[in-house]
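See structure below.
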Amino acid sequence: MILNKYIHWATAIIIFAAILMSTSVHGKAPALWRVADRNSEIWLFGTVHLLPPQVRWRSRAFDDAFKAADTIILEVDLNAPPQRGLGPVIKQLGHNANYAALSSLLGARDTGRLAHAAKKLGVPPETLEPLRPWLASIRLSLTNIKSQGFEPRSGVDRIIAGMADAANKRLGYLETAEEQFEIFASLSPPAEIAFLMATVQQIESGSGGLTQLVAAWAEGDTGTFNRQFRESLGGDFPELRNALFINRNRRWTEQITRMMTGSGKALIAVGAGHLAGKDGVVGLLRAKGYKVTRQ
């Protein structure tokens with residue numbers, strides 16, 4: 001199943017599902033942050049999990065941080081072989097109980113919108129029927145992204161993982177694939193449906209709605225990015241924002257705090273949305289009293 005290979009994208013789909021960047025951004029670069037004490041030095045780099053191949057994002061500051069780091073830490077292992085037993089886990093968490101059809105969970109209007117969006121992407125609507133709303137949302141989002149020119153090889157996280165392998169650097173991870181699936185599977189039914197219909201709306205509206213968000217990321221314009229990121233999350237279903245971002249940001253901040261009590265140098269690369277705003281990792285670290293500086 002496609003999700004076995006691309007699970008690391010799932011956590012960013014609500015933001016980046018319908019973005020198309022057609023040109024590179026020259027002269028500017030995504031934000032890089034540094035937090036350090038006497039024994040530890042950590043760089044925080046915000047990524048976009050999928051990009052068209054022409055987008056340029058590496059900078060001298062990033063390359064210097066990468067070279068200095070002993071360990072590279074990503075959200076999840078991108079190169080792990082399919083884990084034994086993951087298929088049954090996906091089926092258990094992502095398929096409707098008692099063989100209920102997805103359309104039975106939606107009203108007639110939303111069922112029609114879903115079918116139209118799926119057909120627009122060349123996805124037979126009947127193949128979505130066994131899936132829970134969150135899993136159907138991810139499948140449609142991945143198909144939508146790929147149809148707009150985004151390639152797995154161009155995802156920033158995947159490139160960084162390859163760089164780490166080539167440089168024989170230690171790799172660490174903040175989450176497992178199972179944990180990411182469980183985040184989606186723990187959503188309430190209304191939040192799941194909201195997640196699915198947000199994806200349908202993105203497919204209906206086309207690719208232009210979030211282009212400026214990624215442009216702001218590529219230029220390192222954190223003020224614009226943070227504002228547009230908050231707007232993209234919406235306020236109708238805070239459960240989605242809490243589950244996909246805020247709760248995870250807090251867990252990751254605690255992991256970084258424990259790292260700071262030790263020693264060493266690490267580059268942590270996570271989706272750029274996780275660093276944004278007072279509830280982002282940068283803001284949470286500052287609230288704990290750490291000095292986090294832009295590089």
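Labels used: A, B, ... for chains in the order of the structure tokens, numbers from 1 for residues in each chain, and numbers from 1 for ligands as shown.
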Surrounding residues of A:Lys67 excluding itself and chain neighbours under 3 positions, 10 Å, only C-alpha atoms, as a short mmCIF file (atom, residue, chain, number, x, y, z; two decimals) with N, CA and C atoms, in the first residue's frame:
data_model
loop_
_atom_site.label_atom_id
_atom_site.label_comp_id
_atom_site.auth_asym_id
_atom_site.auth_seq_id
_atom_site.Cartn_x
_atom_site.Cartn_y
_atom_site.Cartn_z
N ALA A 61 24.65 28.48 5.82
CA ALA A 61 24.39 28.27 7.24
C ALA A 61 23.93 26.84 7.49
N PHE A 62 23.04 26.32 6.64
CA PHE A 62 22.60 24.94 6.81
C PHE A 62 23.78 23.98 6.63
N ASP A 63 24.57 24.16 5.58
CA ASP A 63 25.68 23.25 5.33
C ASP A 63 26.68 23.27 6.48
N ASP A 64 26.92 24.44 7.05
CA ASP A 64 27.84 24.53 8.19
C ASP A 64 27.29 23.78 9.40
N ASP A 70 27.06 16.10 15.08
CA ASP A 70 27.42 14.69 15.23
C ASP A 70 26.24 13.78 14.86
N THR A 71 25.03 14.26 15.13
CA THR A 71 23.82 13.47 14.93
C THR A 71 22.80 14.27 14.14
N ALA A 164 23.13 12.42 5.41
CA ALA A 164 23.65 11.85 6.66
C ALA A 164 24.26 10.48 6.41
N ALA A 167 27.60 10.88 4.71
CA ALA A 167 28.62 11.44 5.60
C ALA A 167 28.88 10.56 6.82
N LYS A 169 27.02 9.97 9.34
CA LYS A 169 26.58 10.61 10.59
C LYS A 169 25.50 9.76 11.24
N LEU A 267 21.69 18.26 14.59
CA LEU A 267 20.82 19.02 13.69
C LEU A 267 19.48 18.30 13.67
#
7 Å contact set for stretch 176-185 of chain A, only C-alpha atoms, chain neighbours under 6 positions out, as a ChimeraX atom specification: /A:7,76,93-94,134,243
Would you mind writing down, as a PyMOL selection string, each residue of stretch 62-220 of chain A that DSSP on the backbone assigns to alpha helix (DSSP H)? chain A and resi 62-68+86-94+108-120+133-147+156-166+177-185+189-205+211-219
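Note that atom CA of A:Trp57 and atom CA of A:Glu219 are 8.6 Å apart.
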Which of stretch 84-290 of chain A end up as strand (DSSP E) when DSSP is run on this backbone - answer as a VMD selection string? chain A and resid 170 to 173 264 to 271
Based on the selection just made, write C-alpha atoms of those residues as a CSV table (one decimal), in the first residue's frame.
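As written to disk, result25.csv reads:
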chain,number,residue,atom,x,y,z
A,170,ARG,CA,24.4,9.1,13.3
A,171,LEU,CA,20.7,9.3,12.6
A,172,GLY,CA,18.0,9.6,15.2
A,173,TYR,CA,14.2,9.9,15.1
A,264,GLY,CA,27.1,16.8,21.8
A,265,LYS,CA,25.9,18.6,18.6
A,266,ALA,CA,22.8,17.7,16.7
A,267,LEU,CA,20.8,19.0,13.7
A,268,ILE,CA,17.1,18.4,14.1
A,269,ALA,CA,15.0,18.7,10.9
A,270,VAL,CA,11.2,18.7,11.2
A,271,GLY,CA,8.3,20.1,9.3
For a quick check of understanding, using only C-alpha atoms, which of A:Leu121, A:Glu175, A:Phe150, A:Gly87 has the smallest distance to A:Glu204? A:Leu121
For the atom pair atom CA of A:Gln201 and atom CA of A:Gly273, what is the interatomic distance in Å to one decimal place? 20.5 Å
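The gap separating atom CA of A:His95 from atom CA of A:Leu135 is 7.8 Å, in Å to one decimal.
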Env of A:Leu50: 8 Å cut, atoms = only C-alpha atoms, seq-sep filter 4 positions within chain, self excluded. Answer as an MDAnalysis selection string. chainID A and resid 9 150:152 154:156
Using only C-alpha atoms for the distances, tell me which of A:Leu51, A:Ala198, A:Leu187, A:Leu128 is nearest to A:Glu239.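 Distance minimum relative to A:Glu239 lands on A:Leu187.
Taking only C-alpha atoms, the non-local environment of A:Leu106 within 10 Å (same-chain residues fewer than 6 positions away omitted) comprises Gly112, Leu114, Pro133, Ile193 and Met197 of chain A.
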With distances taken over only C-alpha atoms, which of A:Leu240, A:Met163, A:Ala31, A:Leu140 is nearest to A:Arg60? A:Ala31
Skipping near chain neighbours, those fewer than 3 positions away, what residues fall within 12 Å of A:Arg251 using only C-alpha atoms, listed as a ChimeraX atom specification? /A:75,174-175,242-248,254-258,274,279-281,284-285
I need the chosen residues saved as a PDB file, in the first residue's frame, with N, CA and C atoms.
ATOM      1  N   GLU A  75      11.977  13.420  11.859  1.00  0.00           N
ATOM      2  CA  GLU A  75      10.718  13.039  12.496  1.00  0.00           C
ATOM      3  C   GLU A  75      10.580  11.525  12.571  1.00  0.00           C
ATOM      4  N   LEU A 174      12.409  11.171  16.037  1.00  0.00           N
ATOM      5  CA  LEU A 174      11.538  11.635  17.112  1.00  0.00           C
ATOM      6  C   LEU A 174      10.314  10.752  17.289  1.00  0.00           C
ATOM      7  N   GLU A 175       9.914  10.035  16.236  1.00  0.00           N
ATOM      8  CA  GLU A 175       8.709   9.210  16.292  1.00  0.00           C
ATOM      9  C   GLU A 175       8.910   7.955  15.452  1.00  0.00           C
ATOM     10  N   ASN A 242      -4.288  20.414  17.625  1.00  0.00           N
ATOM     11  CA  ASN A 242      -3.656  19.863  18.823  1.00  0.00           C
ATOM     12  C   ASN A 242      -2.996  18.519  18.536  1.00  0.00           C
ATOM     13  N   ALA A 243      -3.703  17.651  17.833  1.00  0.00           N
ATOM     14  CA  ALA A 243      -3.195  16.305  17.596  1.00  0.00           C
ATOM     15  C   ALA A 243      -2.009  16.299  16.647  1.00  0.00           C
ATOM     16  N   LEU A 244      -2.114  17.064  15.561  1.00  0.00           N
ATOM     17  CA  LEU A 244      -1.091  17.005  14.531  1.00  0.00           C
ATOM     18  C   LEU A 244       0.124  17.865  14.844  1.00  0.00           C
ATOM     19  N   PHE A 245      -0.069  18.905  15.671  1.00  0.00           N
ATOM     20  CA  PHE A 245       1.033  19.833  15.882  1.00  0.00           C
ATOM     21  C   PHE A 245       1.344  20.099  17.353  1.00  0.00           C
ATOM     22  N   ILE A 246       0.426  20.700  18.075  1.00  0.00           N
ATOM     23  CA  ILE A 246       0.767  21.202  19.406  1.00  0.00           C
ATOM     24  C   ILE A 246       1.229  20.087  20.333  1.00  0.00           C
ATOM     25  N   ASN A 247       0.494  18.986  20.399  1.00  0.00           N
ATOM     26  CA  ASN A 247       0.882  17.902  21.308  1.00  0.00           C
ATOM     27  C   ASN A 247       2.238  17.318  20.920  1.00  0.00           C
ATOM     28  N   ARG A 248       2.464  17.168  19.641  1.00  0.00           N
ATOM     29  CA  ARG A 248       3.744  16.633  19.187  1.00  0.00           C
ATOM     30  C   ARG A 248       4.872  17.627  19.456  1.00  0.00           C
ATOM     31  N   GLU A 254      10.285  18.346  24.941  1.00  0.00           N
ATOM     32  CA  GLU A 254      10.801  17.612  26.100  1.00  0.00           C
ATOM     33  C   GLU A 254      11.991  16.746  25.699  1.00  0.00           C
ATOM     34  N   GLN A 255      11.942  16.131  24.520  1.00  0.00           N
ATOM     35  CA  GLN A 255      13.068  15.342  24.053  1.00  0.00           C
ATOM     36  C   GLN A 255      14.302  16.218  23.857  1.00  0.00           C
ATOM     37  N   ILE A 256      14.115  17.402  23.301  1.00  0.00           N
ATOM     38  CA  ILE A 256      15.244  18.312  23.097  1.00  0.00           C
ATOM     39  C   ILE A 256      15.790  18.794  24.433  1.00  0.00           C
ATOM     40  N   THR A 257      14.896  19.061  25.374  1.00  0.00           N
ATOM     41  CA  THR A 257      15.336  19.479  26.703  1.00  0.00           C
ATOM     42  C   THR A 257      16.219  18.410  27.343  1.00  0.00           C
ATOM     43  N   ARG A 258      15.843  17.147  27.188  1.00  0.00           N
ATOM     44  CA  ARG A 258      16.685  16.071  27.742  1.00  0.00           C
ATOM     45  C   ARG A 258      18.024  16.007  27.021  1.00  0.00           C
ATOM     46  N   HIS A 274       6.128  22.956  12.553  1.00  0.00           N
ATOM     47  CA  HIS A 274       6.368  22.600  13.955  1.00  0.00           C
ATOM     48  C   HIS A 274       7.262  23.602  14.673  1.00  0.00           C
ATOM     49  N   ASP A 279       3.456  28.209  20.046  1.00  0.00           N
ATOM     50  CA  ASP A 279       3.243  26.793  20.323  1.00  0.00           C
ATOM     51  C   ASP A 279       4.187  25.902  19.532  1.00  0.00           C
ATOM     52  N   GLY A 280       5.065  26.500  18.730  1.00  0.00           N
ATOM     53  CA  GLY A 280       6.059  25.734  17.997  1.00  0.00           C
ATOM     54  C   GLY A 280       7.240  25.390  18.889  1.00  0.00           C
ATOM     55  N   VAL A 281       8.107  24.537  18.389  1.00  0.00           N
ATOM     56  CA  VAL A 281       9.237  24.078  19.194  1.00  0.00           C
ATOM     57  C   VAL A 281      10.136  25.235  19.596  1.00  0.00           C
ATOM     58  N   LEU A 284       8.353  27.133  22.377  1.00  0.00           N
ATOM     59  CA  LEU A 284       8.289  26.344  23.616  1.00  0.00           C
ATOM     60  C   LEU A 284       9.650  26.279  24.303  1.00  0.00           C
ATOM     61  N   LEU A 285      10.718  26.189  23.519  1.00  0.00           N
ATOM     62  CA  LEU A 285      12.058  26.199  24.113  1.00  0.00           C
ATOM     63  C   LEU A 285      12.352  27.549  24.765  1.00  0.00           C
TER      64      LEU A 285
END
